[in-house]
Amino acid sequence: MKKLILNSLQSSGDLSMEGIITRLVVAFVIAVFIFISYRLSHDGSIYSKKFNVSLMVLTMITTTVMTVIGNHIALSLGMVGALSIVRFRTAIKDSRDAVYIFWAIVVGICCGAGDYPVASVGSAFVFVILLLFGRIKNDGRVLLIIRSKRINEERIEALIFQYFSRKAALRVKNTTETSVEFIYEINKKLIESKPNGEKSLTNAVYEIGGIDYFNIVAQNDDVSS
């Protein structure tokens, strides 16, 4: 029994040089598709060329690690222990970045284990999905920020309700003894609306009087790097 356990721990699953190169080449080819997919689904300041290249390198590194581990149980346990002390503190600017990181790791695991069909077919489906839906953004929202004398609190709330009804979501309301600040979130398409042919929202707000400022801030996924 003791000998059986030792043999299982020492099982290395050695590969020929041809097998190692094949796994790395397949991983590189799929990594190129990950690179292309990331470039197509990201644009503007949110796109990071360094992060895109890192995805390719991550795929190759994961493949290499999986090739080294093979069926070697003792080595795999040691690798888990070594990786457990590594902490990643890089902020994810876009939720899609986490998807690409996971995709690169999964491809590396599949290629390192020699499961090329799983890596290829799975990547093809992911590539198509991200190509079709990867450019979807949350840029249809704006924030209305209004600061005024507190005596105008009810008038401002009534005005916003008049223009947007319940479509304006109140996110923040800050008050002091003399002032009040509102932050509303609404759809960008509604910002230019004029109910019943009335005046623009900007003019209507300033006609109340006592307005310190009225800001319209657009929200989108572009985060400068």
# chains A, B, ... in the order shown; residues from 1 in each chain; ligands from 1

$ residues_around --residues "range 182-184 of chain A" --least-positions-apart "5" --cutoff "7 Å" --atoms "only C-alpha atoms" --output "CSV table (one decimal) with N, CA and C atoms, in the first residue's frame"
chain,number,residue,atom,x,y,z
A,143,LEU,N,-26.5,61.4,-14.9
A,143,LEU,CA,-26.8,61.9,-13.5
A,143,LEU,C,-27.1,63.4,-13.5
A,144,LEU,N,-28.2,63.7,-12.9
A,144,LEU,CA,-28.6,65.1,-12.7
A,144,LEU,C,-28.2,65.5,-11.3
A,145,ILE,N,-27.3,66.5,-11.1
A,145,ILE,CA,-26.9,66.9,-9.8
A,145,ILE,C,-27.3,68.3,-9.6
A,146,ILE,N,-28.2,68.5,-8.6
A,146,ILE,CA,-28.8,69.9,-8.4
A,146,ILE,C,-28.5,70.2,-6.9
A,147,ARG,N,-27.9,71.4,-6.7
A,147,ARG,CA,-27.7,71.9,-5.4
A,147,ARG,C,-28.4,73.3,-5.3
A,168,ALA,N,-37.1,58.9,-13.1
A,168,ALA,CA,-35.9,59.4,-12.5
A,168,ALA,C,-35.7,58.8,-11.1
A,169,ALA,N,-34.6,58.1,-11.0
A,169,ALA,CA,-34.3,57.4,-9.7
A,169,ALA,C,-33.4,58.3,-8.8
A,170,LEU,N,-33.9,58.6,-7.6
A,170,LEU,CA,-33.1,59.4,-6.7
A,170,LEU,C,-32.1,58.6,-6.1
A,171,ARG,N,-30.8,58.9,-6.3
A,171,ARG,CA,-29.7,58.1,-5.8
A,171,ARG,C,-29.1,58.7,-4.5
A,172,VAL,N,-29.0,60.0,-4.5
A,172,VAL,CA,-28.4,60.7,-3.3
A,172,VAL,C,-29.2,61.9,-3.0
A,173,LYS,N,-29.4,62.2,-1.7
A,173,LYS,CA,-30.0,63.5,-1.3
A,173,LYS,C,-29.3,63.9,0.0
A,174,ASN,N,-28.5,65.0,-0.2
A,174,ASN,CA,-27.7,65.5,0.9
A,174,ASN,C,-28.3,66.8,1.3

$ residues_around --residues "range 116-120 of chain A" --least-positions-apart "4" --cutoff "10 Å" --atoms "only C-alpha atoms" --output "list in words"
Thr22, Arg23, Val26, Ala27, Val29, Ile30, Trp103, Val106, Val107, Gly108, Ile109, Cys110, Cys111, Gly112, Ala124, Phe125 and Val126 of chain A

$ residues_around --residues "Ala218 in chain A" --least-positions-apart "2" --cutoff "7 Å" --atoms "only C-alpha atoms" --output "JSON, numbers by chain"
{"A": [141, 142, 143, 216, 220]}

$ write_last_selection --atoms "N, CA and C atoms" --output "short mmCIF file (atom, residue, chain, number, x, y, z; two decimals), in the first residue's frame"
data_model
loop_
_atom_site.label_atom_id
_atom_site.label_comp_id
_atom_site.auth_asym_id
_atom_site.auth_seq_id
_atom_site.Cartn_x
_atom_site.Cartn_y
_atom_site.Cartn_z
N ARG A 141 -27.12 56.22 -19.42
CA ARG A 141 -27.56 56.88 -18.20
C ARG A 141 -26.85 58.20 -17.99
N VAL A 142 -27.54 59.11 -17.35
CA VAL A 142 -26.92 60.37 -16.95
C VAL A 142 -27.31 60.65 -15.51
N LEU A 143 -26.49 61.45 -14.85
CA LEU A 143 -26.77 61.88 -13.50
C LEU A 143 -27.13 63.36 -13.51
N ILE A 216 -25.11 67.99 -15.37
CA ILE A 216 -25.54 66.76 -16.04
C ILE A 216 -24.27 65.97 -16.35
N ASN A 220 -20.62 56.16 -18.48
CA ASN A 220 -20.31 55.15 -19.48
C ASN A 220 -19.24 54.22 -18.93
#

$ atom_distance --atom1 "CA of Ile129 in chain A" --atom2 "CA of Val25 in chain A"
24.2 Å
